[in-house]
file coords-v5.cif (mmCIF, C-alpha atoms)
data_run
#
loop_
_atom_site.label_atom_id
_atom_site.label_comp_id
_atom_site.auth_asym_id
_atom_site.auth_seq_id
_atom_site.Cartn_x
_atom_site.Cartn_y
_atom_site.Cartn_z
CA MET A 1328 -20.23 59.83 -16.76
CA LYS A 1329 -20.37 59.31 -13.00
CA LYS A 1330 -22.79 56.45 -13.57
CA SER A 1331 -20.36 54.83 -16.01
CA LYS A 1332 -17.55 55.09 -13.46
CA SER A 1333 -19.74 53.53 -10.80
CA VAL A 1334 -20.62 50.65 -13.08
CA LEU A 1335 -16.94 50.22 -13.93
CA LYS A 1336 -16.02 50.12 -10.22
CA VAL A 1337 -18.67 47.49 -9.59
CA LEU A 1338 -17.42 45.37 -12.48
CA VAL A 1339 -13.81 45.68 -11.33
CA SER A 1340 -14.77 44.72 -7.77
CA LEU A 1341 -16.76 41.75 -9.06
CA PHE A 1342 -13.84 40.65 -11.22
CA VAL A 1343 -11.44 40.85 -8.26
CA PHE A 1344 -13.86 38.92 -6.05
CA LEU A 1345 -14.37 36.14 -8.60
CA THR A 1346 -10.64 35.93 -9.26
CA LEU A 1347 -9.89 35.54 -5.55
CA PHE A 1348 -12.72 33.02 -5.17
CA PHE A 1349 -11.46 30.76 -7.92
CA VAL A 1350 -7.81 31.08 -6.90
CA GLU A 1351 -8.63 30.19 -3.30
CA GLY A 1352 -10.98 27.44 -4.41
CA TYR A 1353 -8.34 25.99 -6.69
CA ALA A 1354 -5.73 26.07 -3.95
CA LEU A 1355 -8.04 24.57 -1.37
CA PHE A 1356 -9.90 21.92 -3.32
CA GLY A 1357 -8.45 21.90 -6.81
CA PHE A 1358 -11.56 23.34 -8.45
CA GLY A 1359 -11.40 23.84 -12.16
CA GLY A 1360 -11.71 20.28 -13.44
CA ASN A 1361 -8.59 19.17 -11.62
CA THR A 1362 -7.93 15.62 -10.45
CA PHE A 1363 -6.30 14.16 -7.39
CA LYS A 1364 -4.09 11.22 -8.39
CA VAL A 1365 -3.50 8.31 -6.04
CA GLY A 1366 -1.12 5.50 -6.96
CA ALA A 1367 -2.21 2.03 -5.86
CA THR A 1368 -1.70 -1.67 -6.49
CA PRO A 1369 -4.80 -3.37 -7.95
CA VAL A 1370 -6.01 -5.47 -5.01
CA PRO A 1371 -7.27 -4.42 -2.55
CA HIS A 1372 -5.99 -0.84 -2.66
CA ALA A 1373 -7.40 0.26 -6.02
CA GLU A 1374 -10.68 -1.52 -5.26
CA ILE A 1375 -11.05 0.34 -1.97
CA LEU A 1376 -10.23 3.64 -3.66
CA GLU A 1377 -12.76 2.91 -6.38
CA PHE A 1378 -15.36 2.37 -3.66
CA VAL A 1379 -14.81 5.91 -2.26
CA LYS A 1380 -14.46 7.81 -5.57
CA ASP A 1381 -17.98 9.23 -5.47
CA ASP A 1382 -17.66 10.19 -1.81
CA PHE A 1383 -14.41 12.03 -2.54
CA LYS A 1384 -15.96 13.86 -5.50
CA GLU A 1385 -19.00 14.83 -3.42
CA LYS A 1386 -16.81 16.09 -0.59
CA THR A 1387 -14.28 18.06 -2.66
CA GLY A 1388 -15.66 18.59 -6.13
CA VAL A 1389 -12.50 16.95 -7.45
CA GLU A 1390 -12.15 13.71 -9.41
CA LEU A 1391 -10.20 10.95 -7.69
CA GLU A 1392 -7.95 9.38 -10.33
CA ILE A 1393 -6.54 5.96 -9.46
CA VAL A 1394 -3.16 5.23 -11.05
CA ILE A 1395 -2.41 1.50 -11.07
CA PHE A 1396 1.06 0.16 -10.29
CA THR A 1397 2.10 -3.49 -10.24
CA ASP A 1398 5.34 -3.19 -8.29
CA TYR A 1399 6.54 -1.72 -4.99
CA VAL A 1400 9.09 0.77 -6.33
CA GLN A 1401 7.43 3.02 -8.90
CA PRO A 1402 4.59 4.31 -6.66
CA ASN A 1403 7.05 6.02 -4.33
CA LEU A 1404 9.20 7.35 -7.17
CA ALA A 1405 6.06 8.75 -8.82
CA LEU A 1406 5.06 10.38 -5.54
CA GLU A 1407 8.50 11.95 -5.19
CA ASP A 1408 8.54 13.38 -8.74
CA GLY A 1409 4.99 14.73 -8.46
CA SER A 1410 3.39 12.41 -11.02
CA ILE A 1411 0.85 11.45 -8.35
CA ASP A 1412 -0.46 13.25 -5.27
CA ALA A 1413 -0.54 10.30 -2.87
CA ASN A 1414 -0.09 6.55 -2.85
CA TYR A 1415 -1.74 3.64 -1.10
CA PHE A 1416 0.05 0.31 -1.43
CA GLN A 1417 2.67 -0.12 1.31
CA HIS A 1418 3.12 -0.58 5.02
CA GLU A 1419 5.09 1.85 7.14
CA PRO A 1420 8.21 -0.29 7.71
CA TYR A 1421 8.59 -0.61 3.92
CA LEU A 1422 8.10 3.15 3.47
CA GLU A 1423 10.74 3.94 6.08
CA THR A 1424 13.23 1.50 4.54
CA PHE A 1425 12.57 2.86 1.04
CA LYS A 1426 13.07 6.43 2.22
CA ARG A 1427 16.36 5.56 3.87
CA GLU A 1428 17.74 3.58 0.92
CA ARG A 1429 16.62 6.08 -1.74
CA ASN A 1430 17.31 9.21 0.30
CA LEU A 1431 13.72 10.42 0.05
CA PRO A 1432 13.06 11.90 3.50
CA ASP A 1433 10.04 13.95 2.46
CA LEU A 1434 7.70 10.97 1.91
CA VAL A 1435 5.49 10.49 4.96
CA SER A 1436 2.54 8.43 6.13
CA VAL A 1437 -0.66 10.30 7.02
CA ALA A 1438 -3.04 7.47 7.88
CA LYS A 1439 -3.19 3.71 8.51
CA ILE A 1440 -6.01 2.01 6.60
CA HIS A 1441 -5.72 -1.79 6.68
CA VAL A 1442 -3.53 -4.81 7.29
CA GLU A 1443 -2.97 -7.60 4.76
CA PRO A 1444 -1.68 -10.60 6.72
CA MET A 1445 1.20 -12.24 4.84
CA GLY A 1446 0.75 -15.99 4.30
CA PHE A 1447 2.87 -19.12 3.77
CA TYR A 1448 1.59 -21.27 0.90
CA LEU A 1449 2.65 -24.89 0.41
CA LYS A 1450 2.00 -27.61 -2.17
CA LYS A 1451 2.38 -30.28 0.53
CA ASP A 1452 1.75 -30.66 4.22
CA LEU A 1453 4.16 -28.85 6.50
CA LYS A 1454 5.22 -32.15 8.09
CA ASP A 1455 6.19 -33.51 4.65
CA LEU A 1456 8.80 -30.83 3.93
CA LYS A 1457 12.21 -32.31 3.19
CA LYS A 1458 15.78 -31.28 2.51
CA GLY A 1459 16.17 -29.33 -0.73
CA ASP A 1460 12.55 -28.19 -1.02
CA LEU A 1461 12.51 -24.75 -2.67
CA ILE A 1462 10.71 -21.89 -0.92
CA ILE A 1463 10.40 -18.48 -2.58
CA ILE A 1464 10.07 -15.24 -0.62
CA PRO A 1465 9.91 -11.48 -1.42
CA ASN A 1466 13.25 -9.85 -2.21
CA ASP A 1467 12.56 -6.31 -0.99
CA VAL A 1468 14.24 -5.62 2.32
CA THR A 1469 11.23 -5.15 4.57
CA ASN A 1470 9.05 -7.93 3.20
CA GLU A 1471 11.91 -10.41 3.12
CA GLY A 1472 12.54 -9.79 6.81
CA ARG A 1473 8.81 -9.93 7.49
CA SER A 1474 8.48 -13.29 5.71
CA LEU A 1475 11.42 -14.80 7.57
CA LEU A 1476 10.02 -13.63 10.91
CA LEU A 1477 6.74 -15.36 10.01
CA LEU A 1478 8.58 -18.62 9.26
CA GLN A 1479 10.50 -18.29 12.51
CA GLU A 1480 7.28 -17.70 14.47
CA TYR A 1481 5.98 -21.09 13.30
CA GLY A 1482 9.25 -22.96 13.85
CA VAL A 1483 10.24 -23.45 10.21
CA ILE A 1484 13.56 -21.64 10.68
CA LYS A 1485 15.48 -19.70 13.31
CA LEU A 1486 17.20 -16.36 12.71
CA ARG A 1487 20.25 -14.96 14.41
CA GLU A 1488 19.59 -12.06 16.73
CA ARG A 1489 20.17 -8.68 15.21
CA GLU A 1490 19.45 -5.08 16.14
CA ASP A 1491 16.74 -4.68 13.50
CA PRO A 1492 15.05 -8.04 12.79
CA LEU A 1493 12.74 -6.42 10.23
CA VAL A 1494 15.61 -6.30 7.73
CA ALA A 1495 16.71 -9.92 8.18
CA THR A 1496 17.77 -11.82 5.04
CA ILE A 1497 18.27 -15.50 4.25
CA LYS A 1498 21.89 -15.03 5.37
CA ASP A 1499 20.55 -14.59 8.91
CA ILE A 1500 19.09 -18.12 9.04
CA VAL A 1501 21.00 -20.06 11.69
CA GLU A 1502 18.70 -23.07 12.03
CA ASN A 1503 16.92 -24.75 9.13
CA PRO A 1504 15.58 -28.09 10.47
CA TYR A 1505 13.83 -29.04 7.23
CA GLY A 1506 16.89 -28.27 5.09
CA LEU A 1507 14.91 -25.90 2.89
CA VAL A 1508 16.37 -23.87 0.03
CA PHE A 1509 15.27 -20.21 -0.11
CA LYS A 1510 15.15 -18.01 -3.18
CA GLU A 1511 14.28 -14.30 -3.28
CA LEU A 1512 12.02 -12.94 -6.03
CA GLU A 1513 10.23 -9.65 -6.69
CA ALA A 1514 6.91 -9.77 -4.87
CA PRO A 1515 4.62 -9.48 -7.96
CA TYR A 1516 6.14 -12.64 -9.48
CA LEU A 1517 5.71 -14.85 -6.42
CA PRO A 1518 2.13 -16.15 -7.02
CA ARG A 1519 2.67 -17.08 -10.66
CA THR A 1520 6.04 -18.68 -9.96
CA TYR A 1521 4.55 -20.62 -7.05
CA LYS A 1522 1.72 -21.90 -9.23
CA GLU A 1523 3.65 -22.66 -12.43
CA ASP A 1524 7.17 -23.67 -11.40
CA LYS A 1525 7.16 -27.36 -10.47
CA ASN A 1526 10.43 -26.94 -8.59
CA VAL A 1527 8.83 -24.52 -6.13
CA VAL A 1528 7.29 -26.19 -3.09
CA GLY A 1529 6.25 -23.13 -1.08
CA ALA A 1530 6.05 -19.35 -1.05
CA ILE A 1531 5.54 -16.44 1.28
CA ILE A 1532 3.14 -14.12 -0.57
CA ASN A 1533 1.76 -10.68 0.21
CA THR A 1534 -2.02 -10.86 0.45
CA ASN A 1535 -2.72 -8.33 -2.31
CA TYR A 1536 -0.77 -10.41 -4.84
CA ALA A 1537 -2.24 -13.65 -3.48
CA ILE A 1538 -5.80 -12.40 -3.98
CA GLU A 1539 -5.00 -11.22 -7.52
CA ALA A 1540 -3.74 -14.73 -8.33
CA GLY A 1541 -6.88 -16.43 -7.02
CA LEU A 1542 -5.33 -17.62 -3.76
CA ASN A 1543 -7.43 -17.32 -0.62
CA PRO A 1544 -5.15 -16.56 2.34
CA LEU A 1545 -7.63 -17.95 4.85
CA GLU A 1546 -8.12 -21.24 2.99
CA ASP A 1547 -4.91 -21.79 1.01
CA ALA A 1548 -2.18 -20.56 3.36
CA VAL A 1549 -0.68 -22.99 5.87
CA PHE A 1550 -0.38 -20.09 8.28
CA PHE A 1551 -0.46 -16.30 8.14
CA GLU A 1552 0.08 -13.21 10.27
CA GLY A 1553 -2.58 -12.31 12.80
CA ALA A 1554 -4.81 -9.26 12.61
CA GLN A 1555 -2.50 -7.51 15.11
CA SER A 1556 0.32 -7.37 12.56
CA PRO A 1557 2.24 -4.06 12.77
CA TYR A 1558 2.37 -3.87 8.99
CA ALA A 1559 -0.64 -1.60 8.41
CA ASN A 1560 -0.96 -0.25 4.86
CA VAL A 1561 -0.83 3.53 4.79
CA ILE A 1562 -1.64 6.60 2.74
CA ALA A 1563 1.65 8.32 1.87
CA VAL A 1564 2.21 11.86 0.61
CA LYS A 1565 5.02 14.38 0.42
CA GLU A 1566 5.58 16.13 3.72
CA SER A 1567 4.68 19.49 2.20
CA ARG A 1568 1.14 18.22 1.58
CA VAL A 1569 0.34 16.75 5.00
CA ASP A 1570 -2.10 19.59 5.72
CA ASP A 1571 -3.50 19.71 2.19
CA GLU A 1572 -7.32 19.72 2.31
CA LEU A 1573 -7.51 17.09 -0.45
CA VAL A 1574 -5.22 14.76 1.49
CA LYS A 1575 -7.35 15.22 4.59
CA ALA A 1576 -10.48 14.55 2.53
CA LEU A 1577 -8.99 11.33 1.15
CA VAL A 1578 -8.21 10.08 4.66
CA GLU A 1579 -11.69 11.03 5.84
CA VAL A 1580 -13.53 9.11 3.11
CA LEU A 1581 -11.27 6.06 3.58
CA THR A 1582 -11.80 5.81 7.34
CA THR A 1583 -15.58 5.61 7.60
CA ASP A 1584 -17.83 2.84 8.90
CA LYS A 1585 -18.96 2.42 5.29
CA VAL A 1586 -15.42 1.52 4.19
CA ARG A 1587 -14.85 -0.69 7.23
CA LYS A 1588 -17.97 -2.68 6.29
CA PHE A 1589 -16.88 -2.89 2.64
CA ILE A 1590 -13.48 -4.33 3.61
CA LEU A 1591 -14.88 -6.86 6.06
CA GLU A 1592 -17.59 -8.06 3.67
CA ASN A 1593 -15.46 -8.28 0.53
CA TYR A 1594 -12.17 -9.80 1.70
CA ASN A 1595 -13.29 -12.38 4.25
CA GLY A 1596 -10.61 -11.57 6.80
CA ALA A 1597 -7.76 -11.45 4.29
CA VAL A 1598 -7.80 -7.65 4.60
CA VAL A 1599 -8.45 -6.15 8.03
CA PRO A 1600 -9.34 -2.47 8.66
CA VAL A 1601 -7.27 -0.79 11.38
CA PHE A 1602 -9.25 2.42 11.87
#
call {"tool": "encode", "arguments": {"input": "coords-v5.cif", "output": "C-alpha cells"}}
result
Amino acid sequence: MKKSKSVLKVLVSLFVFLTLFFVEGYALFGFGGNTFKVGATPVPHAEILEFVKDDFKEKTGVELEIVIFTDYVQPNLALEDGSIDANYFQHEPYLETFKRERNLPDLVSVAKIHVEPMGFYLKKDLKDLKKGDLIIIPNDVTNEGRSLLLLQEYGVIKLREREDPLVATIKDIVENPYGLVFKELEAPYLPRTYKEDKNVVGAIINTNYAIEAGLNPLEDAVFFEGAQSPYANVIAVKESRVDDELVKALVEVLTTDKVRKFILENYNGAVVPVF
C-alpha cells in the first residue's frame, strides 16, 4: 500500500513537472506546433523573411508563417486585431502617421532592417519635361510627403515651408517650373499605371513595388534617395509584445551578417541593410 502511494506521488510530481514545462515552453517559445505570423509585402520583405525561416525555426522551434499583403493599410490593422504577431513592410514615419490617424498607439517599432530608396521614373529625359506632363505619386500621407521632398531635392518643384515637411501634399507646391500636373494614387497601383497609361509621363514609386513590376531603381530611375535615407523599414509589433522571446528571436535572425550579405547580393543596391 505504501509502495502504491509512493508510486502515485512520483506520478503526480512528474505530471506537475511536465505540465509546468509545457506551459512555460508554450509561453516562452510557442511550443506545441504553434506558428509566429509576420505580415509582409512581397518584395523584398517576404523574400527576406523566407530566407530566415529555417534559422527562426532552429532558434525557437516555432514555424515562421509569412502572411502576404499587397497594400499599406491592412498589415497594421491585422497587427492591431491580433491576426498576425508582427509586420515588416513600412518605415517608421509611416507607422507613426498611421498610429496617429487611426488612434492605434500600441503599435511600435522594435528594429530597423533596411532602406528602400524611393525613385523618380520618367518616360523622357528630365530636360524634356513640359507643361501639362502628368506625374503620379503615392497618396498615403507619409509617402506623398516623402516623394515631394525628393522632387524638391532635385529642383523639380519647391514646397512651402511647414512645421512637418514629411506630411506635405501637392497643395504645398509653391514653385513648379516645368508646369507639371500631379495625381495621387495608392502606392501598389503606381508601377502598372506608369507602364500602361500613355497619359502618365512620370512616377515616384516605392522600391518594393518597383522591383515587383520589373523596374530596376538603379538603372530605370532618373534619381532616387541615397542610402542615408531616414526611411528605414522596421519590424512592428504591439507594445505588449516588445519583450516577447519570439519577437526578439525574429529581430536576431534578421540582423545577422548572413542576412546583410543576402540583401546586398540580391537587390543590387536597391535595398540597403541598416544594421
call {"tool": "residues_around", "arguments": {"input": "coords-v5.cif", "residues": "A:Phe1509", "least_positions_apart": "4", "cutoff": "6 Å", "atoms": "all atoms listed in the file", "output": "list in words"}}
result
Leu1461, Ile1462 and Ile1463 of chain A
call {"tool": "resolve_selection", "arguments": {"input": "coords-v5.cif", "expression": "the PyMOL selection byres ((chain A and resi 1419) around 7)", "output": "JSON, numbers by chain"}}
result
{"A": [1417, 1418, 1420, 1421, 1422, 1423, 1558, 1559, 1560, 1561]}
call {"tool": "resolve_selection", "arguments": {"input": "coords-v5.cif", "expression": "the PyMOL selection byres ((chain A and resi 1386) around 10)", "output": "ChimeraX atom specification"}}
result
/A:1356,1380-1385,1387-1389,1573,1576-1577,1579-1580
call {"tool": "write_last_selection", "arguments": {"input": "coords-v5.cif", "atoms": "C-alpha atoms", "output": "tab-separated table (two decimals), in the coordinates of the input"}}
result
chain	number	residue	atom	x	y	z
A	1356	PHE	CA	-9.90	21.92	-3.32
A	1380	LYS	CA	-14.46	7.81	-5.57
A	1381	ASP	CA	-17.98	9.23	-5.47
A	1382	ASP	CA	-17.66	10.19	-1.81
A	1383	PHE	CA	-14.41	12.03	-2.54
A	1384	LYS	CA	-15.96	13.86	-5.50
A	1385	GLU	CA	-19.00	14.83	-3.42
A	1387	THR	CA	-14.28	18.06	-2.66
A	1388	GLY	CA	-15.66	18.59	-6.13
A	1389	VAL	CA	-12.50	16.95	-7.45
A	1573	LEU	CA	-7.51	17.09	-0.45
A	1576	ALA	CA	-10.48	14.55	2.53
A	1577	LEU	CA	-8.99	11.33	1.15
A	1579	GLU	CA	-11.69	11.03	5.84
A	1580	VAL	CA	-13.53	9.11	3.11
call {"tool": "resolve_selection", "arguments": {"input": "coords-v5.cif", "expression": "the PyMOL selection byres ((chain A and resi 1415) around 12)", "output": "ChimeraX atom specification"}}
result
/A:1364-1376,1393-1396,1399,1402-1403,1406,1411-1414,1416-1419,1422,1435-1441,1559-1564,1574,1577-1578,1581
call {"tool": "closest_atom_pairs", "arguments": {"input": "coords-v5.cif", "of": "stretch 1484-1586 of chain A", "to": "stretch 1445-1456 of chain A", "cutoff": "9 Å", "atoms": "only C-alpha atoms", "output": "Markdown table"}}
result
| residue | atom | partner | partner_atom | distance |
| --- | --- | --- | --- | --- |
| A:Tyr1505 | CA | A:Leu1456 | CA | 6.3 |
| A:Gly1506 | CA | A:Leu1456 | CA | 8.6 |
| A:Leu1507 | CA | A:Leu1456 | CA | 7.9 |
| A:Tyr1521 | CA | A:Tyr1448 | CA | 8.5 |
| A:Val1527 | CA | A:Lys1450 | CA | 8.5 |
| A:Val1528 | CA | A:Lys1450 | CA | 5.6 |
| A:Gly1529 | CA | A:Leu1449 | CA | 4.3 |
| A:Ala1530 | CA | A:Tyr1448 | CA | 5.2 |
| A:Ile1531 | CA | A:Phe1447 | CA | 4.5 |
| A:Ile1532 | CA | A:Gly1446 | CA | 5.7 |
| A:Asn1533 | CA | A:Met1445 | CA | 4.9 |
| A:Thr1534 | CA | A:Met1445 | CA | 5.6 |
| A:Ala1537 | CA | A:Gly1446 | CA | 8.7 |
| A:Pro1544 | CA | A:Gly1446 | CA | 6.2 |
| A:Leu1545 | CA | A:Gly1446 | CA | 8.6 |
| A:Asp1547 | CA | A:Tyr1448 | CA | 6.5 |
| A:Ala1548 | CA | A:Tyr1448 | CA | 4.6 |
| A:Val1549 | CA | A:Phe1447 | CA | 5.7 |
| A:Phe1550 | CA | A:Phe1447 | CA | 5.6 |
| A:Phe1551 | CA | A:Gly1446 | CA | 4.0 |
| A:Glu1552 | CA | A:Met1445 | CA | 5.6 |
| A:Gly1553 | CA | A:Met1445 | CA | 8.8 |
call {"tool": "closest_residue", "arguments": {"input": "coords-v5.cif", "among": "A:Ile1484, A:Val1508, A:Phe1378, A:Leu1434", "to": "A:Asn1593", "atoms": "all atoms listed in the file"}}
result
A:Phe1378
call {"tool": "atom_distance", "arguments": {"input": "coords-v5.cif", "atom1": "atom CA of A:Asp1408", "atom2": "atom CA of A:Lys1575"}}
result
20.8 Å
call {"tool": "closest_residue", "arguments": {"input": "coords-v5.cif", "among": "A:Arg1427, A:Lys1565, A:Lys1485, A:Lys1510", "to": "A:Gly1459", "atoms": "all atoms listed in the file"}}
result
A:Lys1510
call {"tool": "atom_distance", "arguments": {"input": "coords-v5.cif", "atom1": "atom CA of A:Arg1519", "atom2": "atom CA of A:Thr1397"}}
result
13.6 Å
call {"tool": "closest_residue", "arguments": {"input": "coords-v5.cif", "among": "A:Val1494, A:Ala1405, A:Ile1464, A:Leu1475", "to": "A:Pro1515", "atoms": "all atoms listed in the file"}}
result
A:Ile1464
call {"tool": "closest_residue", "arguments": {"input": "coords-v5.cif", "among": "A:Pro1504, A:Pro1600, A:Gly1541, A:Pro1557", "to": "A:Val1483", "atoms": "only C-alpha atoms"}}
result
A:Pro1504
call {"tool": "residues_around", "arguments": {"input": "coords-v5.cif", "residues": "A:Pro1492", "least_positions_apart": "5", "cutoff": "12 Å", "atoms": "all atoms listed in the file", "output": "number ranges by chain"}}
result
A: 1420, 1468-1477, 1479, 1485-1487, 1497, 1499-1500
call {"tool": "atom_distance", "arguments": {"input": "coords-v5.cif", "atom1": "atom CA of A:Glu1490", "atom2": "atom CA of A:Glu1502"}}
result
18.5 Å
call {"tool": "closest_residue", "arguments": {"input": "coords-v5.cif", "among": "A:Asp1398, A:Asp1491, A:Glu1390, A:Glu1566", "to": "A:Asp1467", "atoms": "all atoms listed in the file"}}
result
A:Asp1398
